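In what follows, a single structure is set out as structure tokens and then discussed.
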Amino acid sequence: MKMNHKIIRDSIHGNIKVSGFFIELIETPEIQRLSNIKQLGLAHLVFPGAHHTRLEHSLGTFYMATMLSDSLPLVPDEKTSLMCAALLHDIGHGPFSHTLESLLRDSLHVDHVDLTRKLIEGDYSIFHEDERNFPAFANYQGIKDILERQGIDIHRITQIISGKVKEQVYLGQLLNSVIDVDQLDYLLRDSHYTGVAYGMIDSQRFFQTIGIYDNRLAIHRKGVGSVENVLMARSLMYSSVYFHKTVRIGELMLSKAIEMIHDIDPLPYFKMTDAELVNALKEKGSFQKEIITRLKYRQLFKQAYMLSAHQRDERTSALIKSLEDPLIRQKKEQAFEQTLNIPSGHVIIDIPRRELLQAEPRITETDIPVVDETHIEPLSAFTPVADAIRIRSIPDWDLMIITDEQYKEKILDHADQLLFE
């Protein structure tokens, strides 16, 4: 007897049941490509177990969406739309996940959410030239074809992914809000694979206490503790894992290798998998090959200079604001290299806060409505945790300069002069 479902064994959630047209979606090249993209970029340089992929996370988010939608009074088409959006929400990610996204945003003013929308709507393809010439892809059907055949509103799917559903606001919030199924899965998953205990959260308690009130998501008063748990886990994972200094250094080196390619169009690189990007960079030039080799053997640049958040004053704030412009930052890096006789590409200035807020705007969102008997109040009315997390500094530096270890002292001796001239 032919079964109309599949069971996928997941390391976090156990058995995930996939049935109907969702099997077709999972088998599309857009989804399968994610099995070759690490969820945490270069985090394995610090946390050796962090080799899990975007596909695992997408399946986990799909599972979380299924569980949460079962606990809410969603009509069938809302549940189907949410599950589609959860499964597809990361298909626009480039190699090494968020690592290279700033290059795409700065040069083309788009990010992985924009590319996800274009893939779903059929306006963009992840195929490289000639890949579809193979017989295996002769009858290729894209995500748009599958969704339209099921009568699913594609525009609604992309609205849910971006968190911008106008009528049923709660649908967008389920995947993109203060607490959503995306975050619930990646906190649990990333905590498990990195071995960091901060991401352990009680998702079942959260499911039991969340509801829809006045067209928006809200939490019952008895669920305040579970919300505190998620917000604290998110904050600690960002400071301890996602923006760990050494992880960040590796990511900056990889970004610099691409940035140093003359007249680069970053979009073709975003179609690549992790391995394809590594191979492509090795053929681009001596600097790119050096960086890839250094990453391969974990011979990373070192921190030479840092301005921490508590050192910020009017002067440093103005400097940091100016260096958020990629062209100004590049010119300042070149000034260090030329003045101190350092090879091109071996001075990297990091201004992380702007990139953090662009990659994860939810990091500053901590208030969720809380239903207490007959009235609704913000979370901050019940606990100081929301405000405390919002003002917590992530990461713990506003500016960092990294370089090859042999140039550290030279940069440290001249950093203040060159930065503020």
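Identifiers in the structure tokens: chain A, B, ... in order shown; residue index from 1 per chain; ligand index from 1 in order shown.
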Residues within 10 Å of Val196 of chain A, please, as a VMD selection string. Count only C-alpha atoms; anything in the same chain fewer than 3 positions from it doesn't count. chain A and resid 47 188 190 to 193 199 to 200 236 to 237 240 to 241
For the helix (DSSP H, G or I) assignment from backbone DSSP, which residues of segment 106-256 of chain A qualify? Please present them as a PyMOL selection string. chain A and resi 106-108+112-121+131-133+135-137+143-149+154-162+169-175+181-194+197-199+203-209+221-242+245-256
Output the selection as an mmCIF file, in the first residue's frame - C-alpha atoms for each residue.
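Final output, saved to selection.cif:
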data_model
loop_
_atom_site.group_PDB
_atom_site.id
_atom_site.type_symbol
_atom_site.label_atom_id
_atom_site.label_comp_id
_atom_site.auth_asym_id
_atom_site.auth_seq_id
_atom_site.Cartn_x
_atom_site.Cartn_y
_atom_site.Cartn_z
ATOM 1 C CA ASP A 106 24.747 47.159 0.556
ATOM 2 C CA SER A 107 25.192 46.548 -3.182
ATOM 3 C CA LEU A 108 21.702 45.583 -4.340
ATOM 4 C CA HIS A 112 17.362 36.900 1.878
ATOM 5 C CA VAL A 113 13.703 37.722 2.564
ATOM 6 C CA ASP A 114 13.477 39.579 -0.758
ATOM 7 C CA LEU A 115 15.106 36.659 -2.580
ATOM 8 C CA THR A 116 12.775 34.225 -0.820
ATOM 9 C CA ARG A 117 9.792 36.180 -2.105
ATOM 10 C CA LYS A 118 11.210 36.242 -5.639
ATOM 11 C CA LEU A 119 11.810 32.475 -5.563
ATOM 12 C CA ILE A 120 8.272 31.774 -4.387
ATOM 13 C CA GLU A 121 6.774 34.106 -6.987
ATOM 14 C CA GLU A 131 22.191 23.089 -14.489
ATOM 15 C CA ARG A 132 18.691 22.560 -15.815
ATOM 16 C CA ASN A 133 20.038 20.884 -18.970
ATOM 17 C CA PRO A 135 17.461 15.082 -17.746
ATOM 18 C CA ALA A 136 16.628 14.974 -14.033
ATOM 19 C CA PHE A 137 15.313 18.536 -14.305
ATOM 20 C CA ILE A 143 7.470 26.277 -5.875
ATOM 21 C CA LYS A 144 5.065 28.659 -7.593
ATOM 22 C CA ASP A 145 3.741 25.835 -9.795
ATOM 23 C CA ILE A 146 3.123 23.566 -6.807
ATOM 24 C CA LEU A 147 1.387 26.244 -4.740
ATOM 25 C CA GLU A 148 -0.810 27.447 -7.596
ATOM 26 C CA ARG A 149 -1.886 23.886 -8.369
ATOM 27 C CA ILE A 154 1.212 32.979 -3.032
ATOM 28 C CA HIS A 155 1.032 36.636 -2.017
ATOM 29 C CA ARG A 156 -0.293 35.615 1.379
ATOM 30 C CA ILE A 157 2.636 33.219 1.851
ATOM 31 C CA THR A 158 5.184 35.976 1.173
ATOM 32 C CA GLN A 159 3.280 38.349 3.466
ATOM 33 C CA ILE A 160 3.479 35.832 6.314
ATOM 34 C CA ILE A 161 7.222 35.376 5.752
ATOM 35 C CA SER A 162 7.818 39.127 5.920
ATOM 36 C CA VAL A 169 -2.207 40.190 11.553
ATOM 37 C CA TYR A 170 -1.655 37.188 13.821
ATOM 38 C CA LEU A 171 -0.659 35.032 10.839
ATOM 39 C CA GLY A 172 2.379 37.190 10.127
ATOM 40 C CA GLN A 173 3.211 37.318 13.824
ATOM 41 C CA LEU A 174 3.315 33.524 14.050
ATOM 42 C CA LEU A 175 6.423 33.524 11.839
ATOM 43 C CA VAL A 181 8.028 29.548 15.402
ATOM 44 C CA ASP A 182 11.209 30.535 13.541
ATOM 45 C CA GLN A 183 12.908 31.673 16.735
ATOM 46 C CA LEU A 184 11.556 28.791 18.799
ATOM 47 C CA ASP A 185 13.206 26.293 16.473
ATOM 48 C CA TYR A 186 16.529 28.032 15.904
ATOM 49 C CA LEU A 187 17.053 28.671 19.626
ATOM 50 C CA LEU A 188 16.461 25.016 20.475
ATOM 51 C CA ARG A 189 18.417 23.719 17.470
ATOM 52 C CA ASP A 190 21.401 26.039 17.723
ATOM 53 C CA SER A 191 21.676 25.466 21.461
ATOM 54 C CA HIS A 192 21.710 21.705 20.921
ATOM 55 C CA TYR A 193 24.392 21.704 18.215
ATOM 56 C CA THR A 194 26.663 24.275 19.823
ATOM 57 C CA ALA A 197 22.595 25.610 27.332
ATOM 58 C CA TYR A 198 21.175 29.130 26.969
ATOM 59 C CA GLY A 199 18.751 28.169 24.196
ATOM 60 C CA SER A 203 8.017 25.619 23.780
ATOM 61 C CA GLN A 204 5.147 23.397 24.960
ATOM 62 C CA ARG A 205 4.292 25.832 27.749
ATOM 63 C CA PHE A 206 4.374 28.663 25.251
ATOM 64 C CA PHE A 207 1.945 26.807 22.952
ATOM 65 C CA GLN A 208 -0.435 26.271 25.876
ATOM 66 C CA THR A 209 -0.595 29.943 26.839
ATOM 67 C CA ARG A 221 -0.856 35.921 32.244
ATOM 68 C CA LYS A 222 0.279 32.442 33.328
ATOM 69 C CA GLY A 223 2.587 32.272 30.308
ATOM 70 C CA VAL A 224 4.739 35.267 31.241
ATOM 71 C CA GLY A 225 7.474 32.972 32.546
ATOM 72 C CA SER A 226 7.730 31.112 29.236
ATOM 73 C CA VAL A 227 8.035 34.412 27.352
ATOM 74 C CA GLU A 228 10.770 35.568 29.734
ATOM 75 C CA ASN A 229 12.546 32.277 29.068
ATOM 76 C CA VAL A 230 12.480 32.777 25.282
ATOM 77 C CA LEU A 231 13.582 36.423 25.420
ATOM 78 C CA MET A 232 16.484 35.633 27.741
ATOM 79 C CA ALA A 233 17.516 32.659 25.613
ATOM 80 C CA ARG A 234 17.510 34.806 22.472
ATOM 81 C CA SER A 235 19.587 37.541 24.070
ATOM 82 C CA LEU A 236 22.147 35.120 25.501
ATOM 83 C CA MET A 237 22.460 33.123 22.275
ATOM 84 C CA TYR A 238 23.159 36.292 20.311
ATOM 85 C CA SER A 239 25.875 37.459 22.676
ATOM 86 C CA SER A 240 27.410 34.017 23.291
ATOM 87 C CA VAL A 241 27.049 32.299 19.900
ATOM 88 C CA TYR A 242 25.784 34.351 16.963
ATOM 89 C CA LYS A 245 33.948 37.449 18.736
ATOM 90 C CA THR A 246 35.865 34.599 17.076
ATOM 91 C CA VAL A 247 32.859 33.514 15.007
ATOM 92 C CA ARG A 248 32.476 37.122 13.909
ATOM 93 C CA ILE A 249 36.147 37.331 12.886
ATOM 94 C CA GLY A 250 35.799 34.312 10.619
ATOM 95 C CA GLU A 251 32.679 35.778 9.012
ATOM 96 C CA LEU A 252 34.376 39.137 8.465
ATOM 97 C CA MET A 253 37.296 37.443 6.749
ATOM 98 C CA LEU A 254 34.999 35.560 4.380
ATOM 99 C CA SER A 255 33.016 38.721 3.597
ATOM 100 C CA LYS A 256 36.248 40.596 2.892
#
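With distances restricted to only C-alpha atoms, A:Lys271 is the closest residue to Leu100 of chain A from A:Arg298, A:Lys166, A:Lys271, A:His128.
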8 Å contact set for Arg353 of chain A, only C-alpha atoms, chain neighbours under 5 positions out, as a list in words: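 Those residues are Ile394, Pro395 and Asp398 of chain A.
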Please dump the current selection as a compact mmCIF listing (two decimals), in the first residue's frame; keep C-alpha atoms.
# COMPACT_ATOMS: atom_id res chain seq x y z
CA ILE A 394 24.79 42.99 21.89
CA PRO A 395 27.55 42.48 20.98
CA ASP A 398 30.71 49.00 18.99
Near Leu379 of chain A, within 6 Å and counting only C-alpha atoms, which residues show up once chain neighbours fewer than 4 positions away are dropped, as a list in words? Asp367, Ile368, Pro369 and Val370 of chain A
Which residues come within 6 Å of segment 360-366 of chain A, counting only C-alpha atoms, excluding same-chain residues fewer than 2 positions away, as a PDB file with N, CA and C atoms, in the first residue's frame?
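Generated output (around_8.pdb):
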ATOM      1  N   VAL A 178       7.786  39.137  18.033  1.00  0.00           N
ATOM      2  CA  VAL A 178       8.606  39.074  19.244  1.00  0.00           C
ATOM      3  C   VAL A 178       9.007  37.640  19.555  1.00  0.00           C
ATOM      4  N   LEU A 356      23.555  43.700  12.794  1.00  0.00           N
ATOM      5  CA  LEU A 356      22.725  42.907  13.693  1.00  0.00           C
ATOM      6  C   LEU A 356      21.261  43.290  13.552  1.00  0.00           C
ATOM      7  N   LEU A 357      20.971  44.589  13.559  1.00  0.00           N
ATOM      8  CA  LEU A 357      19.583  45.045  13.487  1.00  0.00           C
ATOM      9  C   LEU A 357      18.956  44.763  12.132  1.00  0.00           C
ATOM     10  N   GLN A 358      19.777  44.758  11.079  1.00  0.00           N
ATOM     11  CA  GLN A 358      19.250  44.430   9.756  1.00  0.00           C
ATOM     12  C   GLN A 358      18.991  42.934   9.623  1.00  0.00           C
ATOM     13  N   ALA A 386      11.691  42.367  30.180  1.00  0.00           N
ATOM     14  CA  ALA A 386      11.547  42.895  28.825  1.00  0.00           C
ATOM     15  C   ALA A 386      12.410  44.132  28.620  1.00  0.00           C
ATOM     16  N   ARG A 390      16.015  44.602  26.407  1.00  0.00           N
ATOM     17  CA  ARG A 390      16.025  45.573  25.319  1.00  0.00           C
ATOM     18  C   ARG A 390      17.233  46.500  25.391  1.00  0.00           C
TER      19      ARG A 390
END
